[in-house]
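Scroll down for the structure; my scribbles are underneath it.
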Amino acid sequence: MNTPIRRLAVACLVLFVALMGNATYVQYVQANDLNSKANNKRVIDDEYSRERGAILVGGEPVAESVPSDDQFTFQRTYPNGPLYAQVTGFFSYTYGRSAIENAENPLLSGSDNRLFVNRVVDLLANKQPKGGSVELTLDAAGQQAAATALAALPAGTKGSVVALDPTTGAVLTMYSQPTYDPNALASHDFAAVNQAWQALNDDPANPLLNRATQEIQPPGSTFKLVTASAALEQLDLNPGSVVQGGSELTFPGIEYTLPNAGGGSCGGDQITLEQALNVSCNVSFGSLATQIGQGALEEQAEKFGFGDKVIENLASNASRFTTPDTELELPQLAQSGIGQFEVAATPLQMAMVAAGIANDGVVMTPYVVDVVRDPSLRVLDDAGDGEEYSTALTPDHAAMMQQMMISTVQSGTASSARIPGLEVGGKTGTAQRGNGLPNLAWFASFATSGDQQVAVAVMIESAQATDDISGGRLAGPIAKTVMEALLAS
Amino acid sequence: MSSEATWVPRKRRGAELVLTVMAVGLAIFAYCAVGLGAEGRVPAGVVGLAVTLIAVAVAANLLIRRFAPYADPVLLPLVLCLNGLGLAMIYRIDLGYEERRDSWASLAPNQLMWTGLGLVAFAIVLTVIRDHRRLQTLTYSFGLAAVILLILPLVPGIGENIRGARIWISLGPFSFQPGEAAKICLAIFFAGYLAEKREALALAGRRVIGIDLPRGRDLGPIIVAWLVSIGVLVLQRDLGSSLLFFGLFVVLLFIATERAGWIFVGGLLFVLGAWFGYLQFGHVRARFDVWLNPFADPDQNFQVISALYGLAHGGLLGRGWGQGSPELTPFGYSDFIAASMGEELGLTGLMAILLIYGLIVERGLRISLTCRDAFGKLLAAGLAISLALQVFVVIGGVTRLIPLTGLTTPFLSQGGSSIVMNWAIIAILLRISDQTRRPAPAVQAVGEDEATQVVKL
């Protein structure tokens with residue numbers, strides 16, 4: 001009987017080897033997959049109980065973990081939460097994470113591969129692992145200026161301000177109104193968090209939406225910067241070139257005509273390109289758009305970033321020139337040339353247009369994470385001088401565009417952004433959305449002070465459809481205060 | 001077998017005592033680590049517990065010295081180690097529940113009491129049964145007892161339906177799973193029956209398609225055993241025990257007859273039974289579907305998923321005693337205790353536990369190999385292999401190697417009947433081992449076996 005017993009002993013060995021192999025598979029091979037499952041309460045609890053790294057602006061924490069005396073050991077707090085909410089995002093036990101809290105989660109929570117050595121050291125020292133910190137590109141003064149300026153508008157006004165450093169693409173200001181307080185979602189009082197979450201989601205103004213990167217709206221006349229750029233690049237014009245003016249643009253064989261805003265005549269039937277931009281002449285740019293053609297105009301827009309989710313780490317939507325596969329008729333092409341019809345852009349996109357012009361035609365990829373450090377403050381990653389996105393204009397054409405934008409501020413529609421002693425270029429926009437929706441006020445601008453440059457885009461949506469708003473009157477002064485704040489600091 | 005007659009084994013009782021104290025020490029350290037990890041302090045009363053456990057361990061050693069001096073020296077420490085680790089984990093999960101729930105009746109004190117009763121059962125078996133061969137004379141009594149024990153939970157009034165399986169009886173304040181006792185009775189019955197009938201089963205009969213089929217009257221009880229296991233499956237909805245009983249019988253049949261055909265026949269019948277179960281019973285089908293794709297319905301399959309998450313969270317080295325969240329998995333102190341161990345002790349700890357089980361099985365099979373009488377051989381092999389099967393089925397189920405079936409994890413799981421009966425099994429193994437390794441009266445048995453060899457020619 002010993003032979004079968006020996007065989008069964010081997011069979012038992014096989015069973016145990018199978019158990020061990022399977023345990024190895026689950027606990028080692030499959031472990032990462034299982035640990036990253038969304039409903040894995042253990043990992044959520046664990047990350048929640050860890051000393052999460054800080055998010056910093058100018059060296060000051062805008063999100064940090066402070067010790068708490070409940071089961072989670074640490075509480076995520078956001079000093080000045082609403083001011084930075086759109087960029088920091090929230091860190092909630094029940095509702096997950098958003099924005100930088102989400103995009104940089106591996107680093108902040110300490111599970112990033114770059115922190116492997118730290119984890120081993122912590123393990124040997126029997127310490128809880130700590131997360132690394134993230135330094136943002138935001139500028140506290142500019143951010144505060146944008147928030148104060150938007151808050152001063154009539155109650156219920158929605159809007160967004162984005163400021164870029166044209167030479168690097170660093171996002172200096174990103175604010176969206178209305179905003180929310182991430183502290184309310186990070187609380188350990190889950191009933192209150194639940195309530196806050198419901199309230200935020202039920203709010204028709206949608207405070208959780210980052211209007212700077214997520215909401216695309218018709219940019220109106222600010223898009224004329226793109227059309228003008230295309231005219232310089234494609235039609236070989238210069239600011240002194242004569243373009244069509246007059247009070248309306250007609251199309252052969254069609255009844256529809258494209259008028260100027262307010263019904264004016266742009267100062268004559270034949271005007272220069274510079275004058276057309278200064279007075280924001282619809283007829284001129286509509287006519288230029290038809291000459292440039294859909295393909296070339298769209299290509300110019302794409303060089304500035306249209307059609308692309310240009311920013312990493314934040315939830316964003318791509319700006320568009322047309323919806324996919326649309327063949328524009330002439331009147332629609334003319335409307336597109338003045339930033340109407342299907343053209344829709346985020347404030348970030350319009351800031352990129354102004355920044356590309358200011359940076360001698362080179363568009364930089366916008367970014368919000370400046371420096372990433374491990375818990376011992378060693379630099380793991382540095383954005384440095386940024387990354388080139390594309391070249392939208394030759395340096396000569398960029399200089400012409402700068403000149404025309406500066407004269408628009410000096411003597412044109414954008415005069416509300418004038419800053420004594422500084423070189424400021426800008427373009428206003430007042431976009432119609434139809435359907436009883438209120439108009440949008442836009443402003444895209446840049447300012448130079450010595451070797452410092454900023455580019456700012458402002459978008460404002462009034463609460464009342466009946467309000468008569470315009471980019472020059474509403475958005476211009478806000479761009480001005482933000483530029484002043486940024487260049488002063 | 002003849003070469004073993006001249007081999008004189010050493011008793012190694014001293015080595016056993018050292019290993020036993022180490023095993024108990026491990027359990028006490030684990031208990032302290034649980035308190036430190038979960039509450040930041042050493043649990044109150046640890047000194048008393050330590051003294052009691054060490055006294056019990058020394059007493060068990062003295063008992064073996066007196067009543068089974070030649071018994072295998074490794075089994076007792078291995079089992080004490082598992083039992084102690086199980087106690088520590090149950091205490092740990094008590095702490096976890098106390099933190100999360102308003103009221104929780106602690107399980108650890110109860111388990112400690114049952115462990116004590118288990119050791120009493122161990123002592124009784126070792127002292128009362130002085131020669132395992134006397135159990136063979138009671139073969140059919142044990143068979144009857146097994147059937148009665150299996151039927152008891154179905155009797156109205158004392159049978160209880162807990163978590164969908166009707167495998168409990170309650171007598172006054174005590175709940176008991178008679179299946180655990182039935183397992184021992186069945187092993188004795190199978191071993192006794194087959195020791196008696198093995199020649200008839202192996203030699204008389206016809207050969208059909210390469211398989212030697214025994215005569216109908218010899219086959220009868222086998223069919224009955226198969227039907228009983230199917231009956232357990234159908235009437236009590238206890239998939240695990242059904243599998244265990246059937247596996248036990250097929251394996252013993254194979255050992256007794258030395259015919260591999262039985263494994264194939266048994267395998268075929270198992271597949272048929274499983275297929276029947278899958279078609280007939282929703283709960284069997286559900287278990288199978290959960291196994292294939294647990295993430296299809298995260299709410300329904302919460303337990304299995306939570307166990308997997310726990311294992312993954314434990315990783316290679318584990319969270320450490322008291323620092324994981326094994327209380328998140330329902331029944332993390334009984335059926336799913338292997339997952340709790342994997343979470344807090346990591347892959348390393350789970351491997352160690354599997355190795356301990358492997359060693360127990362190996363020791364059991366070694367006893368079976370060296371045993372000189374057919375009954376002892378079959379009984380030792382049956383007990384060892386049923387332990388292996390049980391560990392495979394329950395830990396394999398928890399770690400999703402095979403579909404989940406409800407069985408206790410021997411010596412680790414919370415549960416009185418399981419602890420007591422498993423200690424009794426160890427006592428029987430030690431008794432057979434003592435008989436086997438005892439030097440003197442071996443020659444006669446060898447002579448008997450040689451006679452059988454002549455018949456084979």
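Ordering of the structure tokens sets the chain letters (A, B, ...); residue numbers start at 1 within each chain; ligands are numbered from 1 in the order shown.
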
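Every chain B residue lying within 7 Å of chain A, based on only C-alpha atoms, is listed here: Phe254, Ile255, Ala256, Glu258, Tyr309, Leu311, Ala312, His313, Gly315, Leu316, Ser325, Leu347, Met351, Gly358, Leu365, Leu369, Ala388, Phe392, Gly396, Thr399 and Leu401 of chain B.
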
Helix (DSSP H, G or I) positions in region 234-310 of chain A, given as an MDAnalysis selection string: chainID A and resid 234 261:263 273:278 282:292 294:304

Give me a file of those residues, with N, CA and C atoms, as a CSV table (one decimal), in the first residue's frame.
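Below is the file that was written, result-v7.csv:
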chain,number,residue,atom,x,y,z
A,234,GLN,N,-0.7,84.0,-44.1
A,234,GLN,CA,-1.2,83.4,-45.3
A,234,GLN,C,-1.3,84.4,-46.5
A,261,ALA,N,-20.7,95.5,-35.2
A,261,ALA,CA,-21.3,95.7,-33.9
A,261,ALA,C,-21.7,97.1,-33.8
A,262,GLY,N,-22.9,97.4,-33.4
A,262,GLY,CA,-23.3,98.8,-33.2
A,262,GLY,C,-23.6,99.5,-34.6
A,263,GLY,N,-23.5,98.8,-35.7
A,263,GLY,CA,-23.9,99.3,-37.0
A,263,GLY,C,-22.9,100.3,-37.6
A,273,LEU,N,-5.3,97.3,-42.0
A,273,LEU,CA,-5.5,96.1,-41.1
A,273,LEU,C,-5.5,96.5,-39.7
A,274,GLU,N,-4.5,97.4,-39.4
A,274,GLU,CA,-4.3,97.9,-38.0
A,274,GLU,C,-5.6,98.6,-37.5
A,275,GLN,N,-6.1,99.4,-38.4
A,275,GLN,CA,-7.4,100.1,-37.9
A,275,GLN,C,-8.5,99.1,-37.7
A,276,ALA,N,-8.6,98.1,-38.6
A,276,ALA,CA,-9.6,97.1,-38.5
A,276,ALA,C,-9.5,96.5,-37.2
A,277,LEU,N,-8.3,96.2,-36.7
A,277,LEU,CA,-8.2,95.5,-35.4
A,277,LEU,C,-8.5,96.5,-34.2
A,278,ASN,N,-8.0,97.8,-34.4
A,278,ASN,CA,-8.3,98.8,-33.4
A,278,ASN,C,-9.8,99.0,-33.1
A,282,ASN,N,-15.9,93.9,-37.9
A,282,ASN,CA,-16.5,92.6,-38.3
A,282,ASN,C,-16.3,92.4,-39.8
A,283,VAL,N,-16.6,93.5,-40.6
A,283,VAL,CA,-16.6,93.4,-42.0
A,283,VAL,C,-15.2,93.0,-42.5
A,284,SER,N,-14.2,93.7,-42.0
A,284,SER,CA,-12.8,93.4,-42.4
A,284,SER,C,-12.5,92.0,-42.1
A,285,PHE,N,-12.7,91.5,-40.9
A,285,PHE,CA,-12.2,90.2,-40.5
A,285,PHE,C,-13.1,89.1,-41.2
A,286,GLY,N,-14.4,89.4,-41.4
A,286,GLY,CA,-15.2,88.4,-42.1
A,286,GLY,C,-14.7,88.2,-43.5
A,287,SER,N,-14.4,89.4,-44.1
A,287,SER,CA,-13.9,89.3,-45.5
A,287,SER,C,-12.6,88.6,-45.5
A,288,LEU,N,-11.7,88.9,-44.6
A,288,LEU,CA,-10.3,88.3,-44.5
A,288,LEU,C,-10.5,86.8,-44.4
A,289,ALA,N,-11.4,86.3,-43.5
A,289,ALA,CA,-11.6,84.9,-43.3
A,289,ALA,C,-12.0,84.2,-44.6
A,290,THR,N,-12.9,84.8,-45.4
A,290,THR,CA,-13.2,84.2,-46.6
A,290,THR,C,-12.1,84.1,-47.6
A,291,GLN,N,-11.1,85.1,-47.5
A,291,GLN,CA,-10.0,85.1,-48.4
A,291,GLN,C,-9.0,84.0,-47.9
A,292,ILE,N,-8.8,83.9,-46.6
A,292,ILE,CA,-7.9,82.9,-46.0
A,292,ILE,C,-8.3,81.5,-46.3
A,294,GLN,N,-11.2,78.2,-45.0
A,294,GLN,CA,-11.4,77.4,-43.8
A,294,GLN,C,-10.2,76.7,-43.4
A,295,GLY,N,-9.5,76.0,-44.3
A,295,GLY,CA,-8.4,75.1,-44.0
A,295,GLY,C,-7.3,75.9,-43.3
A,296,ALA,N,-6.9,77.0,-44.0
A,296,ALA,CA,-5.7,77.8,-43.5
A,296,ALA,C,-6.1,78.5,-42.1
A,297,LEU,N,-7.3,78.9,-42.0
A,297,LEU,CA,-7.7,79.6,-40.7
A,297,LEU,C,-7.7,78.6,-39.6
A,298,GLU,N,-8.2,77.4,-39.9
A,298,GLU,CA,-8.3,76.4,-38.9
A,298,GLU,C,-6.9,76.0,-38.5
A,299,GLU,N,-6.0,75.9,-39.5
A,299,GLU,CA,-4.6,75.5,-39.2
A,299,GLU,C,-3.9,76.5,-38.3
A,300,GLN,N,-4.2,77.8,-38.5
A,300,GLN,CA,-3.7,78.9,-37.7
A,300,GLN,C,-4.2,78.7,-36.3
A,301,ALA,N,-5.5,78.4,-36.1
A,301,ALA,CA,-6.1,78.3,-34.8
A,301,ALA,C,-5.4,77.1,-34.1
A,302,GLU,N,-5.2,76.0,-34.8
A,302,GLU,CA,-4.6,74.8,-34.2
A,302,GLU,C,-3.2,75.1,-33.8
A,303,LYS,N,-2.4,76.0,-34.5
A,303,LYS,CA,-1.1,76.3,-34.0
A,303,LYS,C,-1.1,77.0,-32.7
A,304,PHE,N,-2.2,77.7,-32.4
A,304,PHE,CA,-2.4,78.3,-31.1
A,304,PHE,C,-2.9,77.3,-30.0

Which polymer residues have any atom within 12 Å of an atom of Thr326 (chain A), counting only C-alpha atoms, with same-chain residues fewer than 6 positions away left out, as a PyMOL selection string? chain A and resi 294-295+298+320+332-333+336+341-343

Where does DSSP see strand (DSSP E) in region 229-294 of chain A, if you list the residues as a list in words?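 Put together, the selection reads Val242, Val243, Gln244, Glu248, Leu249, Thr250, Thr257, Leu258, Pro259, Gln270, Ile271 and Thr272 of chain A.
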
Close residues, Lys309 (chain A) itself excluded, 8 Å, only C-alpha atoms, min 5 positions apart in chain, as a compact mmCIF listing (two decimals) with C-alpha atoms, in the first residue's frame:
# COMPACT_ATOMS: atom_id res chain seq x y z
CA SER A 316 -9.97 70.26 -19.65
CA ASN A 317 -11.86 70.45 -22.89
CA ALA A 318 -10.32 71.18 -26.28
CA SER A 319 -11.25 74.48 -27.90

Near-region 17-25 of chain B list (9 Å; only C-alpha atoms; drop same-chain fewer than 4 positions) as a PDB file with C-alpha atoms, in the first residue's frame:
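result.pdb, freshly written:
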ATOM      1  CA  ARG B  12      12.951  13.002  20.817  1.00  0.00           C
ATOM      2  CA  ARG B  13      10.635  14.177  23.585  1.00  0.00           C
ATOM      3  CA  PHE B  29       4.374  37.318  21.001  1.00  0.00           C
ATOM      4  CA  ALA B  30       1.671  37.453  18.337  1.00  0.00           C
ATOM      5  CA  ALA B  50       1.463  33.021  28.927  1.00  0.00           C
ATOM      6  CA  LEU B  53      -0.355  28.282  27.844  1.00  0.00           C
ATOM      7  CA  ILE B  54       3.160  27.215  28.766  1.00  0.00           C
ATOM      8  CA  ALA B  57       2.109  22.876  26.585  1.00  0.00           C
ATOM      9  CA  VAL B  58       4.372  21.258  29.184  1.00  0.00           C
ATOM     10  CA  ASN B  61       4.430  17.046  26.531  1.00  0.00           C
ATOM     11  CA  LEU B  62       4.362  15.117  29.823  1.00  0.00           C
ATOM     12  CA  PRO B  73       7.774  14.811  18.080  1.00  0.00           C
ATOM     13  CA  VAL B  74       6.885  17.506  15.527  1.00  0.00           C
ATOM     14  CA  LEU B  76       2.237  18.755  18.680  1.00  0.00           C
ATOM     15  CA  PRO B  77       4.382  21.920  18.274  1.00  0.00           C
ATOM     16  CA  LEU B  78       3.094  22.484  14.731  1.00  0.00           C
ATOM     17  CA  VAL B  79      -0.515  22.249  15.808  1.00  0.00           C
ATOM     18  CA  LEU B  80       0.008  24.386  18.915  1.00  0.00           C
ATOM     19  CA  CYS B  81       1.628  27.026  16.750  1.00  0.00           C
ATOM     20  CA  LEU B  82      -1.351  27.160  14.359  1.00  0.00           C
ATOM     21  CA  GLY B  84      -1.964  30.012  18.938  1.00  0.00           C
TER      22      GLY B  84
END

Write out as a VMD selection string the residues lying within 12 Å of Ser407 (chain A), counting only C-alpha atoms and excluding same-chain residues fewer than 5 positions away. chain A and resid 239 273 to 279 400 to 402 412 to 415 417 to 418 423 to 427

Tell me, in Å to one decimal, how far CA of Ile64 (chain B) is from CA of Gly14 (chain B).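 Distance reported for this atom pair: 11.3 Å.
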
Near-Trp197 (chain A) list (12 Å; only C-alpha atoms; drop same-chain fewer than 4 positions) as a VMD selection string: chain A and resid 90 92 to 96 180 to 187 190 to 193 201 to 203 206 to 208

Emit the selected residues as a PDB file, in the first residue's frame, including C-alpha atoms.
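Once written, part_20.pdb looks like this:
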ATOM      1  CA  PHE A  90     -10.393  68.336  -3.493  1.00  0.00           C
ATOM      2  CA  SER A  92     -12.587  63.529  -0.287  1.00  0.00           C
ATOM      3  CA  TYR A  93     -13.059  60.159   1.406  1.00  0.00           C
ATOM      4  CA  THR A  94     -16.407  59.590  -0.262  1.00  0.00           C
ATOM      5  CA  TYR A  95     -16.095  61.432  -3.550  1.00  0.00           C
ATOM      6  CA  GLY A  96     -12.490  60.792  -4.502  1.00  0.00           C
ATOM      7  CA  TYR A 180     -16.133  76.183  -3.884  1.00  0.00           C
ATOM      8  CA  ASP A 181     -14.424  75.347  -0.636  1.00  0.00           C
ATOM      9  CA  PRO A 182     -12.541  72.027  -0.879  1.00  0.00           C
ATOM     10  CA  ASN A 183     -12.395  71.925   2.935  1.00  0.00           C
ATOM     11  CA  ALA A 184     -16.110  71.120   2.926  1.00  0.00           C
ATOM     12  CA  LEU A 185     -15.452  67.997   0.841  1.00  0.00           C
ATOM     13  CA  ALA A 186     -12.300  66.917   2.707  1.00  0.00           C
ATOM     14  CA  SER A 187     -13.999  66.935   6.104  1.00  0.00           C
ATOM     15  CA  PHE A 190     -19.161  62.417   6.186  1.00  0.00           C
ATOM     16  CA  ALA A 191     -22.763  63.546   6.590  1.00  0.00           C
ATOM     17  CA  ALA A 192     -21.685  67.170   6.134  1.00  0.00           C
ATOM     18  CA  VAL A 193     -19.522  66.207   3.159  1.00  0.00           C
ATOM     19  CA  ASN A 201     -23.986  69.467  -7.688  1.00  0.00           C
ATOM     20  CA  ASP A 202     -27.457  70.981  -7.442  1.00  0.00           C
ATOM     21  CA  ASP A 203     -26.117  74.516  -7.916  1.00  0.00           C
ATOM     22  CA  ASN A 206     -21.828  74.587 -11.226  1.00  0.00           C
ATOM     23  CA  PRO A 207     -19.061  75.727  -8.873  1.00  0.00           C
ATOM     24  CA  LEU A 208     -17.114  72.473  -9.354  1.00  0.00           C
TER      25      LEU A 208
END

Between B:Ala202, B:Gly231, B:Arg237, B:Val398, single out the one closest to Ala260 (chain B), counting only C-alpha atoms. B:Ala202

Kindly indicate which residue among B:Ile263, B:Ile167, B:Leu404, B:Val228 lies nearest to Phe245 (chain B), using only C-alpha atoms for the distances.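 With only C-alpha atoms as the atom set, the closest residue is B:Val228.
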
Rounded to one decimal, what separation in Å do you get between CA of Ile158 (chain B) and CA of Leu117 (chain B)?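 Taking CA of Ile158 (chain B) as the start and CA of Leu117 (chain B) as the end point, the length is 22.3 Å.
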
Can you tell me how far CA of Ala398 (chain A) sits from CA of Ile357 (chain A), in Å to one decimal? 5.3 Å

I'd like to know which of B:Met421, B:Leu383, B:Arg134, B:Gly406 is closest to Ser242 (chain B), using only C-alpha atoms.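 Of B:Met421, B:Leu383, B:Arg134, B:Gly406, the one nearest Ser242 (chain B) is B:Gly406, counting only C-alpha atoms.
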